[in-house]
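Take a look at the structure set out below.
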Number of protein chains: 2
Amino acid sequence: MANITKKVSWSSRADDSNATGEGTPLLNGFEQLGYPRQQSGESISQVGRVNTVDMDEEITSDEDSLRGQPKEITHNEKLLSLKYESLDYDNSENQLFLEEERRMSYMGFRCLEISRWVVCGLIGFLTGLIACFIDILVEQLAGLKYRAVKENIVKCTAEGSLSISLILWAVLNSSFVMVGAIIVAFFEPIAGGSGIPQIKCYLNGVKIPRVVRLKTLMVKVAGVICSVAGGLAVGKEGPMIHSGAVVAAGVSQGRSTSLKRDFKIFEYFRRDTEKRDFVSAGAAAGVSAAFGAPVGGVLFSLEEAASYWNQMLTWRIFFASMISTFTLNLFLSVYHNNPGEMSNPGLINFGSFDSKSLEYKLYEIPLFIGMGAIGGLLGALFNTLNYWLTIFRIRYIHRPCLQVMEAMLVAAVTATVSFIMIYFSNDCQPLGPDQAEDYPLQLFCADGEYNSMATTFFNTPERSVRSLFHNPPGSYNPLTLGMFTLTYFFLACWTYGLAVSAGVFIPSLLIGAAWGRLIGILLPSISSSSSIWADPGKYALIGAAAQLGGIVRMTLSLTVIMIEATGNVTYGLPIMLVLMTAKIVGDYFEEGLYDIHIKLQSVPFVHSEAPATSHWLTAREVMSSPVTSFNRIEKVGTIVDLLSNTSTNHNGFPVVVNNAAGDEPAKLCGLILRSQLIVLLKHKVFVELARSKLTWRKLQLKDFRDAYPRFPPIQSIHVSQDERECMMDLTEFMNPTPYTVPQETSLPRVYKLFRALGLRHLVVVDDSNRVVGLVTRKDLARYHLGKHGLEELQLAQT
Amino acid sequence: MANITKKVSWSSRADDSNATGEGTPLLNGFEQLGYPRQQSGESISQVGRVNTVDMDEEITSDEDSLRGQPKEITHNEKLLSLKYESLDYDNSENQLFLEEERRMSYMGFRCLEISRWVVCGLIGFLTGLIACFIDILVEQLAGLKYRAVKENIVKCTAEGSLSISLILWAVLNSSFVMVGAIIVAFFEPIAGGSGIPQIKCYLNGVKIPRVVRLKTLMVKVAGVICSVAGGLAVGKEGPMIHSGAVVAAGVSQGRSTSLKRDFKIFEYFRRDTEKRDFVSAGAAAGVSAAFGAPVGGVLFSLEEAASYWNQMLTWRIFFASMISTFTLNLFLSVYHNNPGEMSNPGLINFGSFDSKSLEYKLYEIPLFIGMGAIGGLLGALFNTLNYWLTIFRIRYIHRPCLQVMEAMLVAAVTATVSFIMIYFSNDCQPLGPDQAEDYPLQLFCADGEYNSMATTFFNTPERSVRSLFHNPPGSYNPLTLGMFTLTYFFLACWTYGLAVSAGVFIPSLLIGAAWGRLIGILLPSISSSSSIWADPGKYALIGAAAQLGGIVRMTLSLTVIMIEATGNVTYGLPIMLVLMTAKIVGDYFEEGLYDIHIKLQSVPFVHSEAPATSHWLTAREVMSSPVTSFNRIEKVGTIVDLLSNTSTNHNGFPVVVNNAAGDEPAKLCGLILRSQLIVLLKHKVFVELARSKLTWRKLQLKDFRDAYPRFPPIQSIHVSQDERECMMDLTEFMNPTPYTVPQETSLPRVYKLFRALGLRHLVVVDDSNRVVGLVTRKDLARYHLGKHGLEELQLAQT
């Protein structure tokens, strides 16, 4: 039995929902672990790891082993963390809110709509500006670095002291990366990585702490500049999505809590519903600026965020995306001294493919699909390696200074490996007149030639990708490409997850482009008619798509992003087929990179659809029960005590009307949130004070908005002993029409309701509208389809 | 009082919902007209045309005039028709369904998923094939016609007997159009027009009779070939969307009711939910084939159809779109003897703009916005004229033979006007070596020259659009363009709404391109530096976008379609701004063309959002009440009588459990549909027969699927007097977990629930889960934002 007690201790159920800790803690905690009481007529034996157990039944250690003992769970991806709160995407339509809406005239709504557009325009503009800033700074810094190293190499090649060049290069790289890693590791760890998993979670409805703060943005921008300029195998595209999201969250609120400035504008938007809408616009603007893909940006946001399709919102998101790419384009054109020449719609652009070089024949399609499969395999390998690496990092490299040192080590190794590769490569190519390289390295090549390996390593990754797509046939020899693929694959894999701000898009594209081009070069030697495989650039593109798809496993949005980045619609079908194949093949072995990292964080992520075989589960099994609820007029002391109960850190409470008998469950009449109660307590909205009319004023929606989003913890609110005896009338503040379902509702139906409406809490009622349970986002996130059918994750307070 | 009786007679409330005809028919009918009982504390004076009235209050004729008397309502767009049924997008999760789902293994779900993909692939393939067929046939027929007329003109110009050419042209046109009009007017009127309004309605959830039948498709395809070959001012793009939708509805069901063939495949998809999903894929495939815009197609479907965002569905829709444009491209390339040259992604393609010619400067943007405003104005004018014309047609031209004659008249007039325009034009242009025209007409021009007016008129509209975009500066003189715009505007306006299958996209583009190019030509003469307005083709493009946006008022999808058709992402922002301006300006005067036609059909169309100022309305005001409901075990006679009641043609019935007292409203325990009851009655699923075990077998989901979608009317089901005394147990067949809301739920909340989940019925319950009312799609469709605030339409049995 000690075993069970331990289990309770590591996963005592306490979350959004509110199963009260009645009964013996042991049994109750046990029930709340997701083992529902067995219902007559319900067969739940299909579930993989879950067994039902009657509460009276003796629990033997033999049965226990079936239920997933703690010791079996080695990594925390078998758990869902309870430390993440959820967003309230569903409006609390309480009396205050309805009164405000009803007071508002038609013109008022028009003004609101216009200000939404203005905010989206601003988001797009600022995101574009940030992208432009990053791009220019990276180009300048990288230029400085490469020029310095190149001069040194030229000098040292003559002198025969190339090891000095290597040291110079490694030191330069490490210093850049050190700065980037220090600010991330010490000041804002959430700014590390690409930020895409975090934004995915946010848009999914999970409140990731500090993810949309101004400080995060600043660290992110500085960090990404450092890591790209430091020559790591990273891109600056992923972080743009995060940056756009932060910009959106900031602009839309009309104030900065960090800077303690309130501009008194956009107050209406100070709630989760509106904020999340703007954040989706920001993420889209980020994608748009990163890839010059406004439609892809919209689809990215929809794929990740949207549950309910809102036409006006989508249109606004599209506007933000358009403005973002336009701003970037405009400012870059001014920077390049060609004002008005709109040739830089994104941070990365694949260069213009002429339709001729992209032409494909029907019989090439199976080949493309084969490449998609390779991409899927390589992607799965990449993800698996990165997964192990991340586990290793979680266990051993969690101190900031260690993280900084690891980042510097990677930077130095990257420089060294690159240098060695270049040094030992003897792939010399003639230096043509239309040479696109900025820093062609002669090294040991004859005069008028340059080292081909250096074009891939001695360059920003964006330029390398473009070279692989567009350099004429024969620019690379197969050995160069093979070696490059191999080394870059491992470098990129090692790099992702370091404590630096950096994206994985560009390295993926680069790896894929390299092996794709390799296939393009090798094909003519296999096939008899060599003329038809004229352009290896085409295969580089397909390889890039396959590799990227195999790693991130995005589908719809990635297809559109790739189409927009290549600027060629006719290439849509091959890209789509490649991405589909890569996803199918990759999913067979391992999840997508972002999903792995989300899982490793134990984030309660609600997928877009209920697991296929979950029809036998009903709300009764999924819900937590019994539920802590309040009366319509409740004693302040009761409320404070319940909110202060740290073991049950609930966020939503049904409000009930007790019937005469009293002992049976009470009828539902509303739902109130922790945040609302906190504001009520802070303003001491007590019935007795209202009657005395001395200090009391009617609470307004504004008071809730002012407190949003950083509601004080209950501990900071002082309630005197006298006040504890007062009563609070929740009628005006609760949501009087929460969504409810009967107990028999199937899980897919509950799931659909949650996804479609963006719910956080769903009250389960019996046939007389009495509260019998509460389903939260986290309850749904527990169910997922594993290798052995439906699996159920455990909730843990970690 | 006679007046009121009349009112009841023309709009006795009988629809999806089921307000019972209890009480005096007069008062009850009156209440059901949308005048709710006044609720204490609810101010509903904000509503424009609606007043509340107490049931006891005497109704004076003076008050009556406030309430919208019948005589005030001249056009039926103030009414919503009750003849349209709704689709059930929400699954009826009854016991049979759940049992089936629970029986299904994980592999079963995988197979289903794969067959969904196969169906989507087939939809795309067939849609592409149809597009290809239409394109080739139109080209051949139009080629024959133009060659014949041209030869005749050449001959007659010499002979001076050009009137014979005119007559030949007019007769040829009229004959083609006659065939097209006859099949539409006599065989399948629903195949007339572009079909986009009908598909919009279908995707919105309204069952338009016969809209997705095979016969409709055949008439549509033949009709569109005839009308385009007949030289009408129409396009073949709009009808492709309808064709794609029909293909989807047919393929996904695995059988054809018209052909009486059942292939016994895809039986799982025989319900509204799945069918509608496939129809959205079909519509997307249609858009994709029409414009070579797969992403635009997806967004079109989402804009019109989607409520709940389903990632896998969107991905499948995208697949169908891709396959569709690919198929078209492939077959056209074979037809043009360039197999593999993928240069025809759509029926219309704008030709390839080189980035140089599309370059724009910042200061041109206000100009573009101005052009958007012009497009909005002209679009509103077009729509208003067409609206009047349609009213006229509804009143006077409703007999098929008259419709055919009108169509022939329009064809003859089109030919005549074109001929006169060409005849009196003296805009001769030199015949260059790279002449793109297929039929350059010399007419009275000097040798080596051709008549410029003829390039716009004497050509299929698609080619004319491309000429206007791409012909070098100086190809047209301003007068030609001005005259062309003017005549084509009125011709196109007259043509839309004829009893022929034809789209309005191409004429709109053509009008816009003409005046856009005109502006492009005139600009240099206004401005001092003429060099900057080098390319009038750019303005033609903007004009085309503006005009099309001004007429159809699509936003997101149209932007993407235009971007994809031009193949240039950098032009996204101007096109978006132009379309936005056109929509804003146009909406100020008149609705979009499709919306006008939807309104004229009195279709209960549920818009994507609740009217802004509708927060003061609650479910209590919106619902119909009292509700006809059944007991869980109900007498067959009662069911037959209620279903047979033609005055209350209800489709959804709450199932209740009566409490002991009996007189107060009963507790809700499920919802059953008319179609389900019909199947039950047909199979005589009576409790007594089940007990006797003689002829009885357990009803399966298959029985419901076999009857779908053409459930027999209740009148065709014979129930003997003995059987009337039997009982029916609805427990297994009803949906035990219908969505419910409390009475206080605000209209926007109800609206959101409907839109997000695709509901048809929503049960309104009191605080003890007792049925107090029922909200249907039609109840929501009644509310819309008019010029004077919130307006409420009436429901009528027309």
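Simple scheme: letters A, B, ... for chains in structure tokens order, numbers from 1 for residues in each chain, numbers from 1 for ligands in the order shown.
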**Residues near range 237-240 of chain A, cut-off 10 Å, only C-alpha atoms, skip fewer than 5 positions along chain, as a PyMOL selection string** = chain A and resi 127-128+130-131+134+191-197+217+220-221+223-224+245-246+282-291+346-348+462+501-506
**Asked** Where in range 403-547 of chain A does DSSP assign helix (DSSP H, G or I), given as number ranges by chain?
**Response** A: 403-424, 452-457, 461-470, 478-495, 505-526, 530-533, 536-547
**Residues flagged strand (DSSP E) by DSSP in range 426-606 of chain A, as a ChimeraX atom specification** = /A:428-430,449-451
Include C-alpha atoms and write out the residues we just selected as an mmCIF file, in the first residue's frame.
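Below is the file selection-v8.cif, written as the result:
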```cif
data_model
loop_
_atom_site.group_PDB
_atom_site.id
_atom_site.type_symbol
_atom_site.label_atom_id
_atom_site.label_comp_id
_atom_site.auth_asym_id
_atom_site.auth_seq_id
_atom_site.Cartn_x
_atom_site.Cartn_y
_atom_site.Cartn_z
ATOM 1 C CA CYS A 428 37.364 23.388 -56.820
ATOM 2 C CA GLN A 429 34.947 25.173 -59.090
ATOM 3 C CA PRO A 430 35.677 27.937 -61.565
ATOM 4 C CA GLU A 449 38.548 28.945 -58.813
ATOM 5 C CA TYR A 450 36.901 28.672 -55.437
ATOM 6 C CA ASN A 451 36.347 25.953 -52.897
#
```
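One distance worth recording is that between CA of Glu621 in chain B and CA of Ser746 in chain B, which is 9.6 Å.
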**Request:** Between CA of Ile598 in chain A and CA of Ile199 in chain A, measure the distance and give it in Å to one decimal.
**Result:** 10.5 Å
**Request:** Considering only C-alpha atoms, return as a PyMOL selection string whatever protein or nucleic-acid residues lie within 7 Å of Ala666 in chain A, sequence-local ones (same chain, fewer than 5 positions apart) excluded.
**Result:** chain A and resi 656-659+770-771
Please dump the current selection as a short mmCIF file (atom, residue, chain, number, x, y, z; two decimals), in the first residue's frame; keep all heavy atoms.
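Contents of out.cif, as written:
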```cif
data_model
loop_
_atom_site.label_atom_id
_atom_site.label_comp_id
_atom_site.auth_asym_id
_atom_site.auth_seq_id
_atom_site.Cartn_x
_atom_site.Cartn_y
_atom_site.Cartn_z
N VAL A 656 -24.05 27.08 -7.60
CA VAL A 656 -25.24 26.24 -7.53
C VAL A 656 -26.31 26.86 -6.64
O VAL A 656 -26.03 27.74 -5.82
CB VAL A 656 -24.91 24.83 -6.99
CG1 VAL A 656 -23.99 24.11 -7.95
CG2 VAL A 656 -24.28 24.93 -5.62
N VAL A 657 -27.52 26.41 -6.86
CA VAL A 657 -28.62 26.77 -5.97
C VAL A 657 -28.99 25.51 -5.22
O VAL A 657 -29.34 24.51 -5.83
CB VAL A 657 -29.84 27.25 -6.79
CG1 VAL A 657 -30.99 27.54 -5.86
CG2 VAL A 657 -29.48 28.45 -7.62
N ASN A 658 -28.88 25.56 -3.92
CA ASN A 658 -29.20 24.37 -3.16
C ASN A 658 -30.70 24.18 -3.06
O ASN A 658 -31.45 25.14 -2.88
CB ASN A 658 -28.60 24.47 -1.77
CG ASN A 658 -27.28 23.75 -1.71
OD1 ASN A 658 -27.15 22.66 -2.27
ND2 ASN A 658 -26.31 24.36 -1.06
N ASN A 659 -31.12 22.97 -3.23
CA ASN A 659 -32.54 22.70 -3.03
C ASN A 659 -32.80 22.45 -1.55
O ASN A 659 -31.90 22.39 -0.73
CB ASN A 659 -32.99 21.52 -3.89
CG ASN A 659 -31.99 20.39 -3.83
OD1 ASN A 659 -31.04 20.46 -3.06
ND2 ASN A 659 -32.20 19.38 -4.63
N ARG A 770 -28.36 19.01 -12.19
CA ARG A 770 -27.54 19.10 -10.99
C ARG A 770 -26.10 18.77 -11.34
O ARG A 770 -25.84 17.86 -12.14
CB ARG A 770 -28.07 18.13 -9.93
CG ARG A 770 -29.39 18.59 -9.34
CD ARG A 770 -29.95 17.57 -8.41
NE ARG A 770 -30.18 16.31 -9.09
CZ ARG A 770 -31.14 15.45 -8.79
NH1 ARG A 770 -31.97 15.73 -7.79
NH2 ARG A 770 -31.29 14.32 -9.42
N VAL A 771 -25.19 19.51 -10.73
CA VAL A 771 -23.78 19.35 -11.05
C VAL A 771 -23.28 17.98 -10.59
O VAL A 771 -23.42 17.65 -9.41
CB VAL A 771 -22.95 20.44 -10.36
CG1 VAL A 771 -21.48 20.27 -10.70
CG2 VAL A 771 -23.44 21.81 -10.77
#
```
**Complete:** Expressed in Å, the length from CA of Val765 in chain B to CA of Lys752 in chain A is 21.5 Å
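In this comparison, which uses only C-alpha atoms, the residue of A:His761, A:His470, A:Lys361, A:Lys260 approaching chain B most closely is A:Lys361.
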Who sits within 7 Å of Ala249 in chain A, only C-alpha atoms, same chain under 4 positions skipped, as a short mmCIF file (atom, residue, chain, number, x, y, z; two decimals) with C-alpha atoms, in the first residue's frame:
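Writing done, so here's out30.cif:
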```
data_model
loop_
_atom_site.label_atom_id
_atom_site.label_comp_id
_atom_site.auth_asym_id
_atom_site.auth_seq_id
_atom_site.Cartn_x
_atom_site.Cartn_y
_atom_site.Cartn_z
CA VAL A 212 4.44 36.80 -24.45
CA ALA A 245 3.23 36.69 -31.13
CA GLN A 253 -3.30 45.27 -24.68
CA LYS A 275 -5.69 38.46 -26.79
CA PHE A 278 -4.34 38.89 -31.76
CA VAL A 279 -1.59 36.47 -30.88
#
```
